[in-house]
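Novice: One file: structure38.tsv (TSV, C-alpha atoms).
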chain	number	residue	atom	x	y	z
W	1	MET	CA	166.67	134.84	163.12
W	2	HIS	CA	167.93	136.36	159.88
W	3	ARG	CA	168.53	132.87	158.48
W	4	THR	CA	164.88	131.93	159.19
W	5	ARG	CA	163.56	135.03	157.40
W	6	PHE	CA	165.69	134.12	154.37
W	7	PHE	CA	164.67	130.46	154.11
W	8	LEU	CA	160.90	130.77	154.66
W	9	PRO	CA	160.19	132.58	151.35
W	10	LEU	CA	162.54	130.18	149.58
W	11	LEU	CA	160.77	127.13	151.00
W	12	LEU	CA	157.36	128.59	150.11
W	13	SER	CA	158.51	129.23	146.56
W	14	LEU	CA	159.84	125.70	146.20
W	15	SER	CA	156.58	124.24	147.59
W	16	LEU	CA	154.46	126.21	145.13
W	17	THR	CA	156.71	125.17	142.25
W	18	ALA	CA	156.39	121.50	143.25
W	19	ALA	CA	152.61	121.79	143.59
W	20	ASN	CA	152.31	123.37	140.14
W	21	ALA	CA	154.50	120.66	138.66
W	22	GLN	CA	152.22	117.97	140.10
W	23	THR	CA	148.98	119.62	138.89
W	24	PRO	CA	148.35	118.73	135.23
W	25	LYS	CA	147.41	121.69	133.04
W	26	HIS	CA	143.88	121.52	131.66
W	27	ARG	CA	144.21	121.43	127.88
W	28	THR	CA	140.80	120.55	126.40
W	29	GLU	CA	139.15	123.56	124.74
W	30	ASN	CA	136.86	121.69	122.34
W	31	VAL	CA	134.82	118.49	122.54
W	32	VAL	CA	133.31	116.32	119.80
W	33	LEU	CA	130.71	113.82	121.01
W	34	VAL	CA	129.82	110.95	118.67
W	35	THR	CA	127.19	108.23	119.10
W	36	LEU	CA	126.78	104.99	117.14
W	37	ASP	CA	123.13	104.08	117.50
W	38	GLY	CA	122.55	100.63	118.95
W	39	MET	CA	126.14	99.46	118.52
W	40	ARG	CA	126.61	96.42	120.77
W	41	TRP	CA	129.51	96.20	123.17
W	42	GLN	CA	129.90	92.58	122.10
W	43	GLU	CA	131.19	93.55	118.65
W	44	VAL	CA	133.14	96.56	119.91
W	45	PHE	CA	135.19	94.36	122.26
W	46	GLY	CA	134.88	90.94	120.64
W	47	GLY	CA	134.60	91.65	116.95
W	48	ALA	CA	132.24	89.89	114.58
W	49	ASP	CA	130.10	86.99	115.80
W	50	THR	CA	130.59	84.51	112.98
W	51	SER	CA	127.46	82.58	113.97
W	52	LEU	CA	125.39	85.55	112.77
W	53	PHE	CA	126.87	85.79	109.27
W	54	ARG	CA	124.05	83.67	107.88
W	55	GLN	CA	121.52	86.35	108.85
W	56	SER	CA	122.72	88.65	106.07
W	57	LYS	CA	120.06	88.24	103.39
W	58	HIS	CA	120.13	91.30	101.14
W	59	TYR	CA	123.26	93.31	102.04
W	60	TYR	CA	126.72	91.72	102.19
W	61	ALA	CA	125.19	88.26	102.11
W	62	ASP	CA	128.37	86.51	100.94
W	63	GLN	CA	129.36	84.62	104.09
W	64	ALA	CA	132.79	83.73	102.73
W	65	ALA	CA	133.54	87.39	102.07
W	66	LEU	CA	132.29	88.38	105.54
W	67	ARG	CA	134.43	85.71	107.14
W	68	LYS	CA	137.50	86.84	105.20
W	69	GLU	CA	137.00	90.51	106.11
W	70	PHE	CA	135.75	90.33	109.69
W	71	GLY	CA	135.72	86.71	110.89
W	72	GLN	CA	139.37	85.70	111.04
W	73	GLY	CA	141.44	84.89	114.12
W	74	THR	CA	140.82	85.63	117.77
W	75	ALA	CA	138.36	88.10	119.29
W	76	VAL	CA	141.20	90.61	119.62
W	77	GLN	CA	142.06	90.23	115.93
W	78	ARG	CA	138.41	90.42	114.87
W	79	ARG	CA	137.73	93.63	116.80
W	80	GLN	CA	140.85	95.19	115.31
W	81	ALA	CA	139.62	94.26	111.82
W	82	LEU	CA	136.15	95.64	112.53
W	83	MET	CA	137.15	98.96	114.12
W	84	PRO	CA	140.83	99.66	113.41
W	85	PHE	CA	140.77	103.31	114.52
W	86	LEU	CA	139.10	102.48	117.82
W	87	TRP	CA	141.67	99.78	118.60
W	88	GLY	CA	144.68	101.20	116.81
W	89	THR	CA	144.40	104.75	118.13
W	90	VAL	CA	141.78	105.21	120.88
W	91	ALA	CA	142.80	102.07	122.79
W	92	LYS	CA	146.46	103.11	122.66
W	93	GLN	CA	146.13	106.84	123.30
W	94	GLY	CA	142.84	107.03	125.22
W	95	GLN	CA	140.31	104.84	127.01
W	96	LEU	CA	137.64	102.23	126.27
W	97	HIS	CA	135.03	101.20	128.85
W	98	GLY	CA	132.36	98.52	128.69
W	99	ASN	CA	134.02	95.16	128.08
W	100	ARG	CA	131.87	93.17	130.46
W	101	ASP	CA	133.87	90.01	129.82
W	102	ALA	CA	136.91	91.79	131.24
W	103	GLY	CA	135.09	93.31	134.22
W	104	SER	CA	134.32	96.81	132.92
W	105	LEU	CA	130.62	97.72	133.06
W	106	VAL	CA	128.69	100.58	131.49
W	107	ASN	CA	124.88	100.78	131.77
W	108	VAL	CA	122.02	103.12	131.03
W	109	THR	CA	120.01	104.33	134.02
W	110	ASN	CA	116.70	104.86	132.23
W	111	ASN	CA	114.24	101.96	132.27
W	112	GLN	CA	113.27	102.18	128.60
W	113	TRP	CA	116.39	100.87	126.81
W	114	PHE	CA	115.72	102.45	123.44
W	115	SER	CA	116.76	105.55	121.53
W	116	TYR	CA	115.00	108.75	122.66
W	117	PRO	CA	115.36	107.89	126.37
W	118	GLY	CA	118.99	107.01	125.75
W	119	TYR	CA	119.83	110.20	123.90
W	120	ASN	CA	117.99	112.24	126.51
W	121	GLU	CA	120.12	110.58	129.20
W	122	ILE	CA	123.37	111.09	127.27
W	123	LEU	CA	122.67	114.71	126.47
W	124	THR	CA	120.93	115.93	129.63
W	125	GLY	CA	122.76	113.81	132.19
W	126	ALA	CA	119.70	112.19	133.73
W	127	ALA	CA	116.99	109.69	132.86
W	128	ASP	CA	113.41	110.95	132.57
W	129	ASN	CA	111.24	107.85	132.68
W	130	ALA	CA	108.08	109.81	133.48
W	131	ARG	CA	108.15	112.03	130.39
W	132	ILE	CA	110.50	110.34	127.90
W	133	HIS	CA	108.97	106.97	127.12
W	134	SER	CA	108.63	106.78	123.33
W	135	ASN	CA	110.51	107.66	120.16
W	136	ASP	CA	107.85	110.15	119.11
W	137	PRO	CA	109.40	113.47	118.00
W	138	LEU	CA	108.02	115.46	120.93
W	139	PRO	CA	110.06	118.50	122.05
W	140	ASN	CA	112.27	117.48	124.95
W	141	PRO	CA	111.25	119.30	128.15
W	142	ASN	CA	114.78	118.82	129.51
W	143	VAL	CA	117.69	121.15	128.79
W	144	SER	CA	120.66	119.35	127.26
W	145	VAL	CA	124.28	120.04	128.09
W	146	LEU	CA	124.60	121.40	124.55
W	147	GLU	CA	121.84	123.94	125.13
W	148	TRP	CA	123.35	124.79	128.52
W	149	LEU	CA	126.79	125.31	126.99
W	150	ASN	CA	125.31	127.51	124.28
W	151	GLN	CA	124.00	129.77	127.05
W	152	GLN	CA	127.53	130.31	128.40
W	153	ALA	CA	129.27	133.38	127.01
W	154	ALA	CA	132.39	131.46	125.94
W	155	PHE	CA	130.37	128.93	123.94
W	156	ARG	CA	127.48	130.99	122.57
W	157	GLY	CA	127.15	130.26	118.88
W	158	GLN	CA	129.91	127.64	119.15
W	159	VAL	CA	127.76	124.51	119.60
W	160	ALA	CA	126.14	122.43	116.84
W	161	ALA	CA	124.63	118.99	116.22
W	162	PHE	CA	124.27	116.71	113.22
W	163	GLY	CA	122.38	113.43	113.16
W	164	SER	CA	121.01	110.83	110.79
W	165	TRP	CA	117.78	110.31	112.76
W	166	ASP	CA	115.09	112.89	112.12
W	167	VAL	CA	114.11	113.00	115.83
W	168	TYR	CA	117.27	114.85	116.94
W	169	PRO	CA	115.72	118.32	116.55
W	170	ALA	CA	113.08	117.25	119.07
W	171	ILE	CA	115.58	115.57	121.41
W	172	LEU	CA	117.64	118.77	121.49
W	173	ASN	CA	114.50	120.94	121.37
W	174	ALA	CA	115.95	123.03	118.56
W	175	LYS	CA	113.11	125.57	118.64
W	176	ARG	CA	113.65	126.40	122.31
W	177	SER	CA	117.41	125.95	122.47
W	178	GLY	CA	118.25	127.81	119.29
W	179	LEU	CA	120.93	125.24	118.54
W	180	PRO	CA	121.76	124.51	114.91
W	181	VAL	CA	120.56	120.90	114.60
W	182	ASN	CA	120.68	119.31	111.16
W	183	ALA	CA	119.18	115.83	110.91
W	184	GLY	CA	117.10	113.44	108.86
W	185	MET	CA	116.40	114.39	105.27
W	186	ASP	CA	116.75	118.14	105.87
W	187	PRO	CA	119.42	119.93	103.84
W	188	VAL	CA	121.83	122.25	105.62
W	189	PRO	CA	120.46	125.80	105.40
W	190	GLY	CA	122.48	128.74	104.05
W	191	PRO	CA	123.80	131.30	103.46
W	192	GLY	CA	127.53	130.90	103.18
W	193	LEU	CA	127.51	127.19	102.40
W	194	SER	CA	130.68	125.68	100.99
W	195	PRO	CA	130.59	124.02	97.56
W	196	GLN	CA	130.75	120.66	99.36
W	197	GLU	CA	127.66	121.48	101.43
W	198	GLN	CA	125.78	122.69	98.37
W	199	LEU	CA	126.57	119.43	96.58
W	200	LEU	CA	125.51	117.40	99.61
W	201	ASN	CA	122.19	119.24	99.67
W	202	GLU	CA	121.59	118.41	96.01
W	203	MET	CA	122.54	114.76	96.49
W	204	LEU	CA	120.47	114.35	99.66
W	205	LEU	CA	117.28	115.32	97.87
W	206	THR	CA	117.90	112.77	95.12
W	207	THR	CA	119.23	109.88	97.20
W	208	PRO	CA	116.52	107.67	98.71
W	209	SER	CA	117.12	106.36	102.21
W	210	PRO	CA	116.29	102.72	103.05
W	211	SER	CA	114.54	103.92	106.22
W	212	GLY	CA	112.66	106.81	104.70
W	213	THR	CA	113.08	109.72	107.10
W	214	GLU	CA	116.52	108.74	108.43
W	215	ARG	CA	119.35	109.63	106.10
W	216	LEU	CA	122.40	107.49	105.50
W	217	ASP	CA	125.37	108.12	107.78
W	218	SER	CA	127.65	109.10	104.92
W	219	PHE	CA	125.62	112.30	104.55
W	220	THR	CA	125.72	113.03	108.27
W	221	ASP	CA	129.46	112.49	108.35
W	222	GLN	CA	130.16	114.77	105.40
W	223	TYR	CA	127.75	117.47	106.61
W	224	ALA	CA	129.32	117.48	110.08
W	225	GLN	CA	132.88	117.59	108.82
W	226	ALA	CA	132.09	120.33	106.30
W	227	TYR	CA	130.49	122.41	109.07
W	228	LEU	CA	133.46	121.74	111.35
W	229	LYS	CA	135.84	123.13	108.75
W	230	ARG	CA	133.66	126.12	107.85
W	231	LYS	CA	132.35	127.24	111.25
W	232	LYS	CA	134.95	125.82	113.69
W	233	PRO	CA	132.54	125.11	116.61
W	234	ARG	CA	133.97	124.40	120.04
W	235	VAL	CA	131.41	121.68	120.74
W	236	LEU	CA	130.03	119.35	118.09
W	237	TYR	CA	127.66	116.40	118.42
W	238	ILE	CA	127.38	113.78	115.65
W	239	GLY	CA	124.74	111.04	115.85
W	240	PHE	CA	125.16	108.10	113.46
W	241	GLY	CA	122.36	105.61	112.90
W	242	ASP	CA	123.19	102.98	110.27
W	243	THR	CA	124.30	100.37	112.81
W	244	ASP	CA	120.87	100.37	114.45
W	245	GLU	CA	118.91	100.40	111.20
W	246	PHE	CA	120.75	97.40	109.75
W	247	ALA	CA	120.58	95.52	113.06
W	248	HIS	CA	116.81	95.90	113.23
W	249	ALA	CA	116.61	94.57	109.68
W	250	GLY	CA	118.61	91.51	110.69
W	251	GLU	CA	121.32	92.38	108.20
W	252	TYR	CA	124.36	91.40	110.24
W	253	GLY	CA	126.83	91.93	107.40
W	254	ALA	CA	125.54	95.45	106.79
W	255	TYR	CA	125.63	96.11	110.54
W	256	LEU	CA	129.31	95.12	110.60
W	257	HIS	CA	130.11	97.22	107.56
W	258	ALA	CA	128.32	100.19	109.13
W	259	ALA	CA	130.47	99.84	112.25
W	260	HIS	CA	133.56	99.56	110.05
W	261	TYR	CA	132.92	102.63	107.90
W	262	THR	CA	131.78	104.66	110.91
W	263	ASP	CA	135.14	103.81	112.49
W	264	GLU	CA	136.72	105.23	109.32
W	265	PHE	CA	134.60	108.38	109.72
W	266	LEU	CA	136.06	108.71	113.21
W	267	ARG	CA	139.60	108.28	111.92
W	268	GLN	CA	139.11	110.99	109.30
W	269	LEU	CA	137.53	113.26	111.90
W	270	TRP	CA	140.41	112.76	114.33
W	271	ASP	CA	142.99	113.29	111.59
W	272	TYR	CA	141.41	116.64	110.75
W	273	LEU	CA	141.22	117.65	114.40
W	274	GLN	CA	144.94	116.97	114.72
W	275	SER	CA	145.74	119.00	111.59
W	276	ASP	CA	143.90	122.20	112.46
W	277	PRO	CA	145.54	124.73	114.84
W	278	GLN	CA	142.28	125.42	116.70
W	279	TYR	CA	141.76	121.75	117.51
W	280	LYS	CA	145.18	120.08	117.56
W	281	GLY	CA	146.14	119.01	121.06
W	282	LYS	CA	143.12	120.87	122.47
W	283	THR	CA	140.20	118.60	121.54
W	284	THR	CA	138.66	115.57	123.23
W	285	LEU	CA	136.66	112.98	121.33
W	286	LEU	CA	133.91	111.15	123.27
W	287	ILE	CA	132.23	108.10	121.71
W	288	THR	CA	129.29	106.07	123.04
W	289	THR	CA	125.91	104.55	122.16
W	290	ASP	CA	122.29	105.14	123.16
W	291	HIS	CA	121.43	101.55	124.11
W	292	GLY	CA	122.61	97.98	123.85
W	293	ARG	CA	120.98	95.00	122.17
W	294	GLY	CA	120.09	91.47	123.11
W	295	ALA	CA	122.35	88.44	122.89
W	296	ALA	CA	122.94	86.53	119.67
W	297	ALA	CA	120.72	83.62	120.75
W	298	ALA	CA	117.20	83.59	119.33
W	299	GLU	CA	118.03	86.66	117.22
W	300	LYS	CA	117.72	88.95	120.24
W	301	TRP	CA	120.70	90.89	118.90
W	302	ARG	CA	118.31	92.55	116.45
W	303	SER	CA	116.22	94.13	119.18
W	304	HIS	CA	116.35	96.32	122.24
W	305	GLY	CA	113.95	97.67	124.83
W	306	ALA	CA	113.05	96.91	128.44
W	307	ASP	CA	111.92	93.40	127.53
W	308	ILE	CA	115.29	92.47	125.96
W	309	PRO	CA	117.88	91.32	128.52
W	310	GLY	CA	121.18	93.09	127.99
W	311	ALA	CA	119.78	96.07	126.09
W	312	ASP	CA	120.82	98.32	128.99
W	313	GLN	CA	124.49	97.41	128.50
W	314	ILE	CA	126.52	100.00	126.60
W	315	TRP	CA	130.11	101.22	126.20
W	316	MET	CA	132.03	104.46	125.92
W	317	ALA	CA	135.41	105.68	124.73
W	318	ALA	CA	137.47	108.84	125.09
W	319	LEU	CA	140.53	110.29	123.41
W	320	GLY	CA	142.05	113.66	124.16
W	321	PRO	CA	144.79	115.68	125.84
W	322	ASP	CA	143.38	115.41	129.39
W	323	THR	CA	142.43	111.72	129.21
W	324	PRO	CA	145.15	109.36	130.47
W	325	ALA	CA	146.09	106.66	127.97
W	326	SER	CA	144.95	103.76	130.15
W	327	GLY	CA	143.47	101.82	127.24
W	328	GLU	CA	140.87	99.10	127.74
W	329	ALA	CA	139.34	99.24	131.22
W	330	ARG	CA	139.27	96.01	133.21
W	331	THR	CA	137.25	97.17	136.21
W	332	GLY	CA	134.69	99.76	137.18
W	333	GLN	CA	131.03	100.67	136.74
W	334	LEU	CA	130.07	103.67	134.62
W	335	TYR	CA	126.68	104.98	133.56
W	336	GLN	CA	125.19	106.71	130.56
W	337	ASN	CA	124.09	109.67	132.68
W	338	GLN	CA	127.75	110.59	133.28
W	339	VAL	CA	128.46	111.63	129.69
W	340	ALA	CA	127.02	115.16	129.88
W	341	ALA	CA	128.88	116.16	133.05
W	342	THR	CA	132.07	114.57	131.69
W	343	LEU	CA	131.79	116.64	128.52
W	344	ALA	CA	131.30	119.82	130.55
W	345	GLN	CA	134.15	119.10	132.98
W	346	LEU	CA	136.52	118.50	130.07
W	347	LEU	CA	135.76	122.10	129.14
W	348	GLY	CA	136.43	123.25	132.69
W	349	LEU	CA	132.75	123.63	133.67
W	350	ASN	CA	130.57	122.04	136.32
W	351	TYR	CA	127.32	120.64	134.90
W	352	ALA	CA	124.89	119.55	137.62
W	353	PRO	CA	121.44	120.98	136.88
W	354	THR	CA	119.62	118.42	139.06
W	355	PRO	CA	120.49	116.05	141.92
W	356	ALA	CA	119.94	113.17	139.48
W	357	THR	CA	122.63	114.37	137.07
W	358	GLY	CA	125.44	111.86	136.71
W	359	LYS	CA	128.90	112.78	137.93
W	360	PRO	CA	131.85	113.26	135.56
W	361	VAL	CA	133.95	110.21	134.78
W	362	GLY	CA	137.15	111.09	136.61
W	363	SER	CA	139.37	108.73	134.67
W	364	VAL	CA	138.31	110.43	131.42
W	365	THR	CA	138.66	114.01	132.64
W	366	GLY	CA	141.98	113.26	134.32
W	367	SER	CA	140.82	113.71	137.90
W	368	GLY	CA	141.34	110.05	138.75
W	369	SER	CA	138.07	108.49	139.99
W	370	ARG	CA	135.89	106.41	137.69
W	371	LYS	CA	132.72	107.30	139.59
Represent the supplied structure as structure tokens.
Specialist:
Amino acid sequence: MHRTRFFLPLLLSLSLTAANAQTPKHRTENVVLVTLDGMRWQEVFGGADTSLFRQSKHYYADQAALRKEFGQGTAVQRRQALMPFLWGTVAKQGQLHGNRDAGSLVNVTNNQWFSYPGYNEILTGAADNARIHSNDPLPNPNVSVLEWLNQQAAFRGQVAAFGSWDVYPAILNAKRSGLPVNAGMDPVPGPGLSPQEQLLNEMLLTTPSPSGTERLDSFTDQYAQAYLKRKKPRVLYIGFGDTDEFAHAGEYGAYLHAAHYTDEFLRQLWDYLQSDPQYKGKTTLLITTDHGRGAAAAEKWRSHGADIPGADQIWMAALGPDTPASGEARTGQLYQNQVAATLAQLLGLNYAPTPATGKPVGSVTGSGSRK
């Protein structure tokens, strides 16, 4: 009898210790979400399509130079040359989903297959085909996960967004949400701007953009990183656009270069996150795109939309302390509407504002399931 009373507490203590040892500690405290507008999964996983080099007419039109930089070797070698950070770091320390040739599928759930519907789905967690059916800069009636997070006490004033496309303030309904959203040709407002931000504002006003109202991604990158260093937000969204702009123009060489230098932006971003005490070992990087594009045949790669087969096919990647380093996925079906809930769950929160909201990607958050 006395022996039983002695061993029961001991056994309970050992059981609790074992359970705690098997439960991984949640470590993500910050999330940076990045989108590459209209970046095809075909180049992400297969590298440059050398048959499209001839379509470069005005930018990077030297086919020999393109072939030397991006067109050598196997698909694995070409993708490494195109996006070295994605394949040298994310694929080794995180996850990549969407290589359809390998059996990993990622799709949008909206039926529009272009930008505003795609960003609405990414950021709110659900398609809205009834109300979001154009790229017009109409205020989004839906509340994004960023706006929702900004309403939580722990994240109030700690969420921000930067984008090249001038429609982002409407997509995130900046007037209603109160989120700081800097996009298009708008300078970053003061006060308290760093010398770098002041210089960027001066340069932005004197640097014409090829697309008029959409600024070049180099500005978006520098603005976002300057804000990150000055304000230290817990959640940051960065929307790049050069890949889509050059693809629409049929400038395949410029499209490849845009993917390449955006990959470098990501490397610099990650290097900073790993050097700062607030972010090091406590930050997850999510990367995806708003829509796919057509196949290379008949120049469908330049376009997207519901009438372009394959434009609903996308990809996503994740790198962070709670994401197992499983690398390139070979199976599974994921959806664009899962990004918002995944972002929230990485921060320890449950985001499910409607029954249509996509579920978190378990393999990314560390809970196991891909659905």
Novice: Could you list, as JSON, numbers by chain, every residue within 10 Å of Pro187 (chain W), counting all atoms listed in the file and ignoring same-chain residues fewer than 2 positions away?
Specialist: {"W": [182, 183, 184, 185, 189, 190, 197, 198, 200, 201, 202, 203, 204, 205, 219, 223]}
Novice: Find the spatial neighbours of Leu172 (chain W), counting only C-alpha atoms, within a cut-off of 9 Å - ignore same-chain residues fewer than 2 positions away - and output them as a short mmCIF file (atom, residue, chain, number, x, y, z; two decimals) with C-alpha atoms, in the coordinates of the input.
Specialist:
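Result file follows (part.cif):
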data_model
loop_
_atom_site.label_atom_id
_atom_site.label_comp_id
_atom_site.auth_asym_id
_atom_site.auth_seq_id
_atom_site.Cartn_x
_atom_site.Cartn_y
_atom_site.Cartn_z
CA ASN W 120 117.99 112.24 126.51
CA LEU W 123 122.67 114.71 126.47
CA PRO W 139 110.06 118.50 122.05
CA ASN W 140 112.27 117.48 124.95
CA ASN W 142 114.78 118.82 129.51
CA VAL W 143 117.69 121.15 128.79
CA SER W 144 120.66 119.35 127.26
CA LEU W 146 124.60 121.40 124.55
CA GLU W 147 121.84 123.94 125.13
CA ALA W 161 124.63 118.99 116.22
CA VAL W 167 114.11 113.00 115.83
CA TYR W 168 117.27 114.85 116.94
CA PRO W 169 115.72 118.32 116.55
CA ALA W 170 113.08 117.25 119.07
CA ALA W 174 115.95 123.03 118.56
CA LYS W 175 113.11 125.57 118.64
CA ARG W 176 113.65 126.40 122.31
CA SER W 177 117.41 125.95 122.47
CA LEU W 179 120.93 125.24 118.54
CA VAL W 181 120.56 120.90 114.60
#
Novice: Write out, as JSON lines, each residue of region 45-81 of chain W that has an atom at most 9 Å from region 284-299 of chain W, together with the closest pair of atoms and their distance in Å to one decimal, counting all atoms listed in the file, rows going by chain and rising number.
Specialist:
{"residue": "W:Asp49", "atom": "CA", "partner": "W:Ala296", "partner_atom": "CA", "distance": 8.2}
{"residue": "W:Ser51", "atom": "CA", "partner": "W:Ala296", "partner_atom": "CA", "distance": 8.3}
{"residue": "W:Leu52", "atom": "CA", "partner": "W:Ala296", "partner_atom": "CA", "distance": 7.4}
Novice: Could you write those residues out with C-alpha atoms, as a CSV table (one decimal), in the frame of the given file?
Specialist:
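Output file again23.csv is given in full below:
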chain,number,residue,atom,x,y,z
W,49,ASP,CA,130.1,87.0,115.8
W,51,SER,CA,127.5,82.6,114.0
W,52,LEU,CA,125.4,85.6,112.8
Novice: Quick one: residues within 7 Å of region 252-260 of chain W, only C-alpha atoms, excluding same-chain residues fewer than 3 positions away - as a list in words?
Specialist: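 Listed by chain and then number, they are Leu52, Phe53, Gln55, Ser56, Tyr59, Tyr60, Ala61, Leu66, Leu82, Met83, Asp242, Thr243, Phe246, Ala247, Asp263 and Glu264 of chain W.
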Novice: Rounded to one decimal place, report the CA of Gln93 (chain W)-CA of Gly327 (chain W) distance in Å.
Specialist: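 CA of Gly327 (chain W) lies 6.9 Å from CA of Gln93 (chain W).
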Novice: State, in Å with one decimal place, the distance from CA of Asn135 (chain W) to CA of Asn173 (chain W).
Specialist: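 Going from CA of Asn135 (chain W) over to CA of Asn173 (chain W), I get 13.9 Å.
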Novice: Which neighbours of region 268-274 of chain W fall inside 12 Å, counting only C-alpha atoms, when residues of the same chain fewer than 2 positions from it are skipped, and could you give them as number ranges by chain?
Specialist: W: 30-34, 85-86, 89-90, 221-229, 232-234, 236, 238, 261-266, 276-287, 318-321
Novice: What does the file look like for those residues with C-alpha atoms, as a PDB file, in the frame of the given file?
Specialist:
ATOM      1  CA  ASN W  30     136.860 121.690 122.340  1.00  0.00           C
ATOM      2  CA  VAL W  31     134.820 118.490 122.540  1.00  0.00           C
ATOM      3  CA  VAL W  32     133.310 116.320 119.800  1.00  0.00           C
ATOM      4  CA  LEU W  33     130.710 113.820 121.010  1.00  0.00           C
ATOM      5  CA  VAL W  34     129.820 110.950 118.670  1.00  0.00           C
ATOM      6  CA  PHE W  85     140.770 103.310 114.520  1.00  0.00           C
ATOM      7  CA  LEU W  86     139.100 102.480 117.820  1.00  0.00           C
ATOM      8  CA  THR W  89     144.400 104.750 118.130  1.00  0.00           C
ATOM      9  CA  VAL W  90     141.780 105.210 120.880  1.00  0.00           C
ATOM     10  CA  ASP W 221     129.460 112.490 108.350  1.00  0.00           C
ATOM     11  CA  GLN W 222     130.160 114.770 105.400  1.00  0.00           C
ATOM     12  CA  TYR W 223     127.750 117.470 106.610  1.00  0.00           C
ATOM     13  CA  ALA W 224     129.320 117.480 110.080  1.00  0.00           C
ATOM     14  CA  GLN W 225     132.880 117.590 108.820  1.00  0.00           C
ATOM     15  CA  ALA W 226     132.090 120.330 106.300  1.00  0.00           C
ATOM     16  CA  TYR W 227     130.490 122.410 109.070  1.00  0.00           C
ATOM     17  CA  LEU W 228     133.460 121.740 111.350  1.00  0.00           C
ATOM     18  CA  LYS W 229     135.840 123.130 108.750  1.00  0.00           C
ATOM     19  CA  LYS W 232     134.950 125.820 113.690  1.00  0.00           C
ATOM     20  CA  PRO W 233     132.540 125.110 116.610  1.00  0.00           C
ATOM     21  CA  ARG W 234     133.970 124.400 120.040  1.00  0.00           C
ATOM     22  CA  LEU W 236     130.030 119.350 118.090  1.00  0.00           C
ATOM     23  CA  ILE W 238     127.380 113.780 115.650  1.00  0.00           C
ATOM     24  CA  TYR W 261     132.920 102.630 107.900  1.00  0.00           C
ATOM     25  CA  THR W 262     131.780 104.660 110.910  1.00  0.00           C
ATOM     26  CA  ASP W 263     135.140 103.810 112.490  1.00  0.00           C
ATOM     27  CA  GLU W 264     136.720 105.230 109.320  1.00  0.00           C
ATOM     28  CA  PHE W 265     134.600 108.380 109.720  1.00  0.00           C
ATOM     29  CA  LEU W 266     136.060 108.710 113.210  1.00  0.00           C
ATOM     30  CA  ASP W 276     143.900 122.200 112.460  1.00  0.00           C
ATOM     31  CA  PRO W 277     145.540 124.730 114.840  1.00  0.00           C
ATOM     32  CA  GLN W 278     142.280 125.420 116.700  1.00  0.00           C
ATOM     33  CA  TYR W 279     141.760 121.750 117.510  1.00  0.00           C
ATOM     34  CA  LYS W 280     145.180 120.080 117.560  1.00  0.00           C
ATOM     35  CA  GLY W 281     146.140 119.010 121.060  1.00  0.00           C
ATOM     36  CA  LYS W 282     143.120 120.870 122.470  1.00  0.00           C
ATOM     37  CA  THR W 283     140.200 118.600 121.540  1.00  0.00           C
ATOM     38  CA  THR W 284     138.660 115.570 123.230  1.00  0.00           C
ATOM     39  CA  LEU W 285     136.660 112.980 121.330  1.00  0.00           C
ATOM     40  CA  LEU W 286     133.910 111.150 123.270  1.00  0.00           C
ATOM     41  CA  ILE W 287     132.230 108.100 121.710  1.00  0.00           C
ATOM     42  CA  ALA W 318     137.470 108.840 125.090  1.00  0.00           C
ATOM     43  CA  LEU W 319     140.530 110.290 123.410  1.00  0.00           C
ATOM     44  CA  GLY W 320     142.050 113.660 124.160  1.00  0.00           C
ATOM     45  CA  PRO W 321     144.790 115.680 125.840  1.00  0.00           C
TER      46      PRO W 321
END
Novice: Could you please determine the separation between CA of Glu121 (chain W) and CA of Gln80 (chain W) in Å, to one decimal place?
Specialist: 29.3 Å
Novice: Write out as a list in words each polymer residue whose atoms come within 7 Å of Phe240 (chain W), counting all atoms listed in the file; drop sequence neighbours fewer than 2 positions from it.
Specialist: Thr35, Leu36, Asp37, Gly163, Ser164, Asp217, Ile238 and Asp242 of chain W
Novice: Looking at all atoms listed in the file, which of W:Thr357, W:Arg230, W:Ala311, W:Ser211 is the one that sits closest to Gly192 (chain W)?
Specialist: W:Arg230
Novice: Using only C-alpha atoms, pick whichever of W:Ala153, W:Ala352, W:Ala306, W:Leu343 has the shortest atom-to-atom distance to Val364 (chain W).
Specialist: W:Leu343
Novice: Can you check which parts of region 78-124 of chain W lie within 8 Å of region 336-340 of chain W? Per residue, the shortest pair of atoms and distance in Å to one decimal, counting only C-alpha atoms, sorted by chain and number, as a Markdown table.
Specialist:
| residue | atom | partner | partner_atom | distance |
| --- | --- | --- | --- | --- |
| W:Val106 | CA | W:Gln336 | CA | 7.1 |
| W:Asn107 | CA | W:Gln336 | CA | 6.1 |
| W:Val108 | CA | W:Gln336 | CA | 4.8 |
| W:Thr109 | CA | W:Gln336 | CA | 6.7 |
| W:Gly118 | CA | W:Gln336 | CA | 7.9 |
| W:Glu121 | CA | W:Asn337 | CA | 5.4 |
| W:Ile122 | CA | W:Asn337 | CA | 5.6 |
| W:Leu123 | CA | W:Ala340 | CA | 5.5 |
| W:Thr124 | CA | W:Ala340 | CA | 6.1 |
Novice: For Gln63 (chain W), which residue out of W:Ser134, W:Asn129, W:Thr50, W:Ser326 is the nearest one, using all atoms listed in the file?
Specialist: W:Thr50
Novice: Given all atoms listed in the file as the basis, pick out the residue of W:Pro353, W:Gly348, W:Gly125, W:Gly98 nearest to Arg27 (chain W).
Specialist: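 Result for the nearest residue to Arg27 (chain W): W:Gly348.
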Novice: Show me, as AutoDock Vina command-line options, the centre and edge lengths in Å to one decimal of the axis-aligned box that covers every listed atom of region 312-315 of chain W with 3 Å on each side.
Specialist:
--center_x 125.5 --center_y 99.3 --center_z 127.6 --size_x 15.3 --size_y 9.8 --size_z 8.8
